[in-house]
Structure formats: structure tokens, C-alpha cells
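The structure under discussion appears below in the form of C-alpha cells.
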Amino acid sequence: MIKLSRISKSFGKNQVLKDITLSVEKGEVVVILGPSGSGKTTLLRCLNYLERPNDGTIAIGDYTVDCKHAGKKDIHQLRQKSAMVFQHYNLFKHKTALENVMEGLVIVQKLPKEEARKRSVEVLEKVGLGAKLDAYPSQLSGGQQQRVGIARALALNPEVILFDEPTSALDPELVGEVLDVIRKIANEGITMIVVTHEMSFAREVSNHVVFMDGGVIVEEGKPNELFGAPKEERTKQFLKRIT
Ligand code: ADP
């Protein structure tokens, strides 16, 4: 359903992604692991076109974009197909939880307000925040704010949700509630790509694990293969350090 072919991205002279090719099936939960600086976040941002790849193609569903020649319409199309959950939530501070979720539906998807409100209440209830619709981000815990971030992505009904280290800014006692929500969504068969350092979560929830280092995919496979019997030395070293 998603196919990245030979994606490259440089910042100045620093080539951060080198010829990345990756296929993701519909309904798959893909976890991307790797040391800091290996290009994981950049890869997610390229998929959502928050960064423009220098080379390669991105296909989501039946829409394929040649990154070198992508125009405004291509970028708009790709953005409609994915939604991102950010490490630092990126909520509008002067808007309530409900307004934060409604924003994309009204402004980008042009839904009538009433319909947007209904859908937003639904997804906020799904992430356990039915009682916090009118709360501002400053009145919510980090875990609750991130659940608003997840509700906002979910509301857009995208083909894939991209999670960029969704729990790494949270106090340890708040990590569980966010992972529980992600787990629940994963079980509903929504395609997702998750950059995370939460190894036990990765092992339990993913169907496909990708290990990146130095801007390349070093190894990928099913969780029991990659965690249980990694083939590459770099993967073995990384897993030894982190678990
Ligand atoms: P990871 O998510 O694996 O920690 P990143 O994708 O964040 O890795 O970063 C990979 C490399 O790209 C790092 O060397 C980082 O400094 C560089 N980088 C990321 N974003 C930018 C940017 N906007 N401008 C310049 N360099 C960047």
C-alpha cells in the first residue's frame, strides 16, 4: 500500500537518507528502530512531505509521486493520505482539545462544522478524553495532550498514521496510557509507522520491524526474526545496548 523507492535526502552536504526502499502493506504496524541521528524522523517527514526528498518515488495507495518533479498537487495529495503524531504534540495552545481536533477537518478537509465536531468528539472519546473536550493543552497532562495529538491524526481518517517518537517527551508514568491508545488503534487494523525506543511495545504490537543506521535500512523483518535472531552485526550491537 505504501512503497518508497530509492529515497534520498541531504541537508547541505549531509546525506541523511541514502537510497531507502521500503514497502508497507495495508494494516501493517511498522516500527522503525535505530540510533539517534540515523534518519528515522527525516524518513517519516519525507513520507508526509514535511521534508522534500531529493530523489526517489513515494507511492501511497494508487498515487505515485516522483520526488524530483513533485508539484503542489502531488504534495497536497500525499499530505491528505497520511497524518503525523509528533514527539512534542504540536497542539495549538489557544485552542481546546476539541478545536485542535476539528481544525484539520474544517480547514483542510472542508467538512461542515457540525460534522467535524461530531467526528472530533467521537475520536476524542476513543482516546479516553470524552470528558476533556473543552480543556486547553495547558490544562492537560503530557499523556492527555499526546492523546489529543493521536485523536487529531485519527480524525483525518488517513491511509497511514506516522508516529514520531510519540512517548519520548513524556514522564515515565504517562507512557503507558499513550501506548495503550496506540495499541488499541493498531488492533483496529489502521496502517501505521512508528518510530520508537519502546522495545517491548515494538515487539508486541508491530508486524514489521525496520532497523536504520547511518541513513540506510540495515535490516528488516518480522519482530521475532529481528529481535530474536538479528542477522547483521550492527543490529545485534544496537539491540544489546538498548534492551
Ligand atoms: P533520528 O530520527 O534517527 O534521530 P533524524 O532524522 O532526526 O534522525 O536526523 C538525521 C540527521 O539529519 C542528523 O544528523 C540531523 O542533524 C540531520 N537533520 C535533521 N533535520 C535537519 C534539518 N532540518 N536541517 C539540517 N539537518 C537536519
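Starting from 1 in every chain, residues are counted up; chains themselves are A, B, ... following the order of the C-alpha cells, and ligands are numbered from 1 as listed.
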
Which residues of chain A have any atom within 7 Å of an atom in ligand 1 when counting only C-alpha atoms and all ligand atoms, and what is the closest pair of atoms for each, with the distance in Å to one decimal? Order the rows by chain and rising number and write it as CSV.
residue,atom,partner,partner_atom_place_in_ligand_line,distance
A:Phe11,CA,ligand 1,25 (C),4.9
A:Val16,CA,ligand 1,12 (O),5.1
A:Gly34,CA,ligand 1,3 (O),6.2
A:Pro35,CA,ligand 1,3 (O),5.9
A:Ser36,CA,ligand 1,4 (O),3.6
A:Gly37,CA,ligand 1,8 (O),3.5
A:Ser38,CA,ligand 1,3 (O),3.8
A:Gly39,CA,ligand 1,6 (O),3.3
A:Lys40,CA,ligand 1,3 (O),3.9
A:Thr41,CA,ligand 1,2 (O),3.7
A:Thr42,CA,ligand 1,6 (O),3.7
A:Leu43,CA,ligand 1,6 (O),6.5

Residues of segment 105-228 of chain A in alpha helix (DSSP H) according to DSSP, as a PyMOL selection string?
chain A and resi 105-107+113-126+142-155+172-187+199-205+223-228

Do you know which residues are at most 12 Å from Glu177 of chain A counting only C-alpha atoms, after dropping those on the same chain fewer than 2 positions away, and could you put them as a ChimeraX atom specification?
/A:127-129,141-147,150,166-167,170-175,179-184

Between A:Leu33, A:Ile75, A:Leu133, A:Val121, single out the one closest to Phe227 of chain A, counting only C-alpha atoms.
A:Leu33

Determine which residues of segment 109-171 of chain A DSSP labels as strand (DSSP E) from the backbone of this structure, then write them out as a list in words.
Val160, Ile161, Leu162, Phe163 and Asp164 of chain A

Restricted to N, CA, C and O atoms, what would the selected residues look like written as a PDB file, in the first residue's frame?
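Okay, this is what ended up in out_33.pdb:
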ATOM      1  N   VAL A 160      -2.490   6.184   6.377  1.00  0.00           N
ATOM      2  CA  VAL A 160      -1.433   5.751   7.295  1.00  0.00           C
ATOM      3  C   VAL A 160      -1.212   6.833   8.350  1.00  0.00           C
ATOM      4  O   VAL A 160      -1.286   8.023   8.048  1.00  0.00           O
ATOM      5  N   ILE A 161      -0.972   6.390   9.602  1.00  0.00           N
ATOM      6  CA  ILE A 161      -0.606   7.345  10.654  1.00  0.00           C
ATOM      7  C   ILE A 161       0.887   7.166  10.955  1.00  0.00           C
ATOM      8  O   ILE A 161       1.370   6.038  11.129  1.00  0.00           O
ATOM      9  N   LEU A 162       1.589   8.282  10.987  1.00  0.00           N
ATOM     10  CA  LEU A 162       3.030   8.274  11.231  1.00  0.00           C
ATOM     11  C   LEU A 162       3.273   8.783  12.648  1.00  0.00           C
ATOM     12  O   LEU A 162       2.859   9.897  12.983  1.00  0.00           O
ATOM     13  N   PHE A 163       3.912   7.978  13.471  1.00  0.00           N
ATOM     14  CA  PHE A 163       4.184   8.369  14.867  1.00  0.00           C
ATOM     15  C   PHE A 163       5.682   8.623  15.012  1.00  0.00           C
ATOM     16  O   PHE A 163       6.490   7.703  14.821  1.00  0.00           O
ATOM     17  N   ASP A 164       6.036   9.855  15.369  1.00  0.00           N
ATOM     18  CA  ASP A 164       7.450  10.180  15.543  1.00  0.00           C
ATOM     19  C   ASP A 164       7.807  10.221  17.027  1.00  0.00           C
ATOM     20  O   ASP A 164       7.569  11.224  17.698  1.00  0.00           O
TER      21      ASP A 164
END

Please identify all polymer residues within 10 Å of Val218 of chain A, counting only C-alpha atoms, omitting same-chain residues fewer than 6 positions from it, and present them as a list in words.
Gly34, Val210, Phe211, Met212, Lys231, Glu232, Glu233, Arg234 and Thr235 of chain A

With only C-alpha atoms as the atoms that count, which of A:Ser168, A:Gln237, A:Gln77, A:Asn157 lies nearest to Ser120 of chain A?
A:Asn157

Neighbouring residues of Lys72 of chain A were defined as those with any atom within 12 Å, considering only C-alpha atoms; residues of the same chain fewer than 6 positions away were excluded. Please report them as a PDB file with N, CA and C atoms, in the first residue's frame.
ATOM      1  N   TYR A  49       5.840  14.624   3.389  1.00  0.00           N
ATOM      2  CA  TYR A  49       6.335  15.782   2.639  1.00  0.00           C
ATOM      3  C   TYR A  49       6.541  17.027   3.488  1.00  0.00           C
ATOM      4  N   ARG A  52      11.239  17.593   1.762  1.00  0.00           N
ATOM      5  CA  ARG A  52      11.172  17.182   0.372  1.00  0.00           C
ATOM      6  C   ARG A  52      12.380  16.303   0.039  1.00  0.00           C
ATOM      7  N   VAL A  65       4.344   9.572  -6.538  1.00  0.00           N
ATOM      8  CA  VAL A  65       4.979  10.874  -6.746  1.00  0.00           C
ATOM      9  C   VAL A  65       6.476  10.672  -6.986  1.00  0.00           C
ATOM     10  N   LEU A  78      -0.358  13.697  -1.290  1.00  0.00           N
ATOM     11  CA  LEU A  78       0.359  12.852  -0.327  1.00  0.00           C
ATOM     12  C   LEU A  78      -0.002  13.235   1.102  1.00  0.00           C
ATOM     13  N   ARG A  79      -0.081  14.540   1.342  1.00  0.00           N
ATOM     14  CA  ARG A  79      -0.385  15.002   2.709  1.00  0.00           C
ATOM     15  C   ARG A  79      -1.769  14.558   3.162  1.00  0.00           C
TER      16      ARG A  79
END

Atom-to-atom span, atom CA of Leu140 of chain A and atom CA of Arg117 of chain A, Å
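Between atom CA of Leu140 of chain A and atom CA of Arg117 of chain A the gap works out to 19.9 Å.
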
note - atom CA of Pro158 of chain A and atom CA of Val216 of chain A are separated by 26.6 Å

Atomic distance atom CA of Ala59 of chain A - atom CA of Gly27 of chain A, expressed in Å with one decimal:
15.8 Å

Identify, on the basis of only C-alpha atoms, every residue whose closest approach to Ser8 of chain A does not exceed 12 Å; exclude the query and any residue fewer than 6 positions from it along the same chain; express the result as a ChimeraX atom specification.
/A:14-21,39,42-43,46-47,51-58,66-68,215-216

For the residues in the current selection, export N, CA, C and O atoms as a JSON list (two decimals), in the first residue's frame.
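Saved to out_17.json:
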[["chain", "number", "residue", "atom", "x", "y", "z"],
["A", 14, "ASN", "N", 25.28, 17.00, 4.13],
["A", 14, "ASN", "CA", 25.00, 15.85, 4.99],
["A", 14, "ASN", "C", 23.90, 14.98, 4.37],
["A", 14, "ASN", "O", 22.72, 15.33, 4.40],
["A", 15, "GLN", "N", 24.29, 13.84, 3.80],
["A", 15, "GLN", "CA", 23.26, 12.95, 3.23],
["A", 15, "GLN", "C", 22.67, 12.09, 4.35],
["A", 15, "GLN", "O", 23.35, 11.23, 4.92],
["A", 16, "VAL", "N", 21.43, 12.37, 4.64],
["A", 16, "VAL", "CA", 20.78, 11.78, 5.82],
["A", 16, "VAL", "C", 20.04, 10.49, 5.46],
["A", 16, "VAL", "O", 19.95, 9.57, 6.26],
["A", 17, "LEU", "N", 19.48, 10.44, 4.24],
["A", 17, "LEU", "CA", 18.84, 9.21, 3.76],
["A", 17, "LEU", "C", 19.51, 8.80, 2.46],
["A", 17, "LEU", "O", 19.69, 9.62, 1.55],
["A", 18, "LYS", "N", 19.86, 7.52, 2.39],
["A", 18, "LYS", "CA", 20.61, 7.04, 1.23],
["A", 18, "LYS", "C", 19.85, 5.91, 0.57],
["A", 18, "LYS", "O", 19.88, 4.78, 1.07],
["A", 19, "ASP", "N", 19.10, 6.23, -0.47],
["A", 19, "ASP", "CA", 18.52, 5.15, -1.27],
["A", 19, "ASP", "C", 17.61, 4.22, -0.48],
["A", 19, "ASP", "O", 17.74, 3.01, -0.55],
["A", 20, "ILE", "N", 16.69, 4.81, 0.26],
["A", 20, "ILE", "CA", 15.80, 3.99, 1.11],
["A", 20, "ILE", "C", 14.66, 3.40, 0.28],
["A", 20, "ILE", "O", 13.93, 4.13, -0.39],
["A", 21, "THR", "N", 14.53, 2.08, 0.34],
["A", 21, "THR", "CA", 13.41, 1.41, -0.31],
["A", 21, "THR", "C", 12.66, 0.61, 0.75],
["A", 21, "THR", "O", 13.28, -0.13, 1.52],
["A", 39, "GLY", "N", 18.33, 8.92, 10.87],
["A", 39, "GLY", "CA", 17.47, 9.36, 9.77],
["A", 39, "GLY", "C", 16.01, 8.94, 9.90],
["A", 39, "GLY", "O", 15.21, 9.16, 8.99],
["A", 42, "THR", "N", 13.55, 11.94, 9.75],
["A", 42, "THR", "CA", 13.59, 12.51, 8.40],
["A", 42, "THR", "C", 12.80, 11.62, 7.44],
["A", 42, "THR", "O", 12.07, 12.12, 6.58],
["A", 43, "LEU", "N", 12.91, 10.32, 7.61],
["A", 43, "LEU", "CA", 12.17, 9.41, 6.73],
["A", 43, "LEU", "C", 10.66, 9.61, 6.88],
["A", 43, "LEU", "O", 9.93, 9.73, 5.89],
["A", 46, "CYS", "N", 9.64, 12.87, 5.31],
["A", 46, "CYS", "CA", 9.62, 12.79, 3.84],
["A", 46, "CYS", "C", 8.30, 12.17, 3.36],
["A", 46, "CYS", "O", 7.72, 12.60, 2.37],
["A", 47, "LEU", "N", 7.84, 11.15, 4.10],
["A", 47, "LEU", "CA", 6.60, 10.48, 3.71],
["A", 47, "LEU", "C", 5.41, 11.43, 3.71],
["A", 47, "LEU", "O", 4.49, 11.34, 2.91],
["A", 51, "GLU", "N", 9.42, 17.21, 4.74],
["A", 51, "GLU", "CA", 10.72, 17.40, 4.08],
["A", 51, "GLU", "C", 10.58, 16.90, 2.66],
["A", 51, "GLU", "O", 9.91, 15.89, 2.43],
["A", 52, "ARG", "N", 11.24, 17.59, 1.76],
["A", 52, "ARG", "CA", 11.17, 17.18, 0.37],
["A", 52, "ARG", "C", 12.38, 16.30, 0.04],
["A", 52, "ARG", "O", 13.52, 16.77, 0.13],
["A", 53, "PRO", "N", 12.15, 15.04, -0.31],
["A", 53, "PRO", "CA", 13.28, 14.19, -0.69],
["A", 53, "PRO", "C", 13.97, 14.74, -1.94],
["A", 53, "PRO", "O", 13.32, 15.37, -2.78],
["A", 54, "ASN", "N", 15.26, 14.50, -2.07],
["A", 54, "ASN", "CA", 15.97, 14.95, -3.26],
["A", 54, "ASN", "C", 15.74, 14.01, -4.43],
["A", 54, "ASN", "O", 15.86, 14.40, -5.58],
["A", 55, "ASP", "N", 15.44, 12.77, -4.09],
["A", 55, "ASP", "CA", 15.35, 11.78, -5.15],
["A", 55, "ASP", "C", 14.47, 10.62, -4.69],
["A", 55, "ASP", "O", 14.29, 10.42, -3.49],
["A", 56, "GLY", "N", 13.94, 9.86, -5.65],
["A", 56, "GLY", "CA", 13.16, 8.68, -5.33],
["A", 56, "GLY", "C", 11.69, 8.88, -5.60],
["A", 56, "GLY", "O", 11.27, 9.96, -6.03],
["A", 57, "THR", "N", 10.91, 7.82, -5.36],
["A", 57, "THR", "CA", 9.45, 7.93, -5.53],
["A", 57, "THR", "C", 8.75, 7.47, -4.26],
["A", 57, "THR", "O", 9.24, 6.62, -3.52],
["A", 58, "ILE", "N", 7.58, 8.09, -4.04],
["A", 58, "ILE", "CA", 6.72, 7.70, -2.92],
["A", 58, "ILE", "C", 5.37, 7.33, -3.51],
["A", 58, "ILE", "O", 4.78, 8.13, -4.23],
["A", 66, "ASP", "N", 6.93, 11.25, -8.07],
["A", 66, "ASP", "CA", 8.37, 11.28, -8.35],
["A", 66, "ASP", "C", 8.91, 12.53, -7.66],
["A", 66, "ASP", "O", 8.60, 13.66, -8.06],
["A", 67, "CYS", "N", 9.68, 12.34, -6.59],
["A", 67, "CYS", "CA", 10.01, 13.44, -5.70],
["A", 67, "CYS", "C", 10.75, 14.58, -6.40],
["A", 67, "CYS", "O", 10.59, 15.74, -6.04],
["A", 68, "LYS", "N", 11.56, 14.23, -7.38],
["A", 68, "LYS", "CA", 12.34, 15.26, -8.06],
["A", 68, "LYS", "C", 11.44, 16.26, -8.78],
["A", 68, "LYS", "O", 11.76, 17.42, -8.92],
["A", 215, "GLY", "N", 21.52, 6.38, 7.83],
["A", 215, "GLY", "CA", 20.74, 6.75, 6.65],
["A", 215, "GLY", "C", 20.37, 5.60, 5.72],
["A", 215, "GLY", "O", 19.83, 5.83, 4.64],
["A", 216, "VAL", "N", 20.64, 4.37, 6.17],
["A", 216, "VAL", "CA", 20.22, 3.22, 5.35],
["A", 216, "VAL", "C", 19.41, 2.25, 6.21],
["A", 216, "VAL", "O", 19.50, 2.27, 7.44]]

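Proximity of A:Val24, A:Ala153, A:Ala186, A:Val195 to Asn90 of chain A, computed with only C-alpha atoms, is greatest for A:Ala153.
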
Which residues come within 12 Å of Ala202 of chain A, counting only C-alpha atoms, excluding same-chain residues fewer than 2 positions away, as an mmCIF file with C-alpha atoms, in the first residue's frame?
data_model
loop_
_atom_site.group_PDB
_atom_site.id
_atom_site.type_symbol
_atom_site.label_atom_id
_atom_site.label_comp_id
_atom_site.auth_asym_id
_atom_site.auth_seq_id
_atom_site.Cartn_x
_atom_site.Cartn_y
_atom_site.Cartn_z
ATOM 1 C CA VAL A 29 2.236 -1.785 12.047
ATOM 2 C CA VAL A 30 5.799 -0.946 11.120
ATOM 3 C CA VAL A 31 8.267 0.027 13.833
ATOM 4 C CA ILE A 32 11.427 1.895 12.871
ATOM 5 C CA LEU A 33 14.352 1.494 15.252
ATOM 6 C CA GLU A 165 8.691 9.026 18.969
ATOM 7 C CA LEU A 179 0.966 3.218 24.290
ATOM 8 C CA ILE A 182 -1.712 3.301 20.026
ATOM 9 C CA ARG A 183 -2.127 -0.414 20.712
ATOM 10 C CA ALA A 186 -3.232 -0.837 15.844
ATOM 11 C CA ILE A 193 4.615 3.558 11.000
ATOM 12 C CA VAL A 194 6.063 4.189 14.449
ATOM 13 C CA VAL A 195 9.495 5.500 15.341
ATOM 14 C CA THR A 196 10.047 4.451 18.949
ATOM 15 C CA HIS A 197 12.579 3.352 21.532
ATOM 16 C CA GLU A 198 9.950 1.375 23.446
ATOM 17 C CA MET A 199 11.267 -2.095 22.710
ATOM 18 C CA SER A 200 8.686 -4.212 24.479
ATOM 19 C CA GLU A 204 4.352 -6.815 20.980
ATOM 20 C CA VAL A 205 2.500 -4.520 18.560
ATOM 21 C CA SER A 206 4.475 -4.487 15.307
ATOM 22 C CA ASN A 207 4.278 -6.891 12.390
ATOM 23 C CA HIS A 208 7.305 -5.450 10.625
ATOM 24 C CA VAL A 209 10.465 -4.001 12.166
ATOM 25 C CA VAL A 210 12.971 -1.847 10.333
ATOM 26 C CA PHE A 211 16.422 -1.118 11.750
ATOM 27 C CA LYS A 222 9.169 -9.753 11.427
ATOM 28 C CA PRO A 223 9.606 -8.835 15.111
ATOM 29 C CA ASN A 224 10.516 -12.361 16.203
ATOM 30 C CA LEU A 226 14.679 -9.126 14.063
ATOM 31 C CA PHE A 227 14.567 -9.216 17.855
ATOM 32 C CA THR A 243 17.475 -3.842 25.802
#
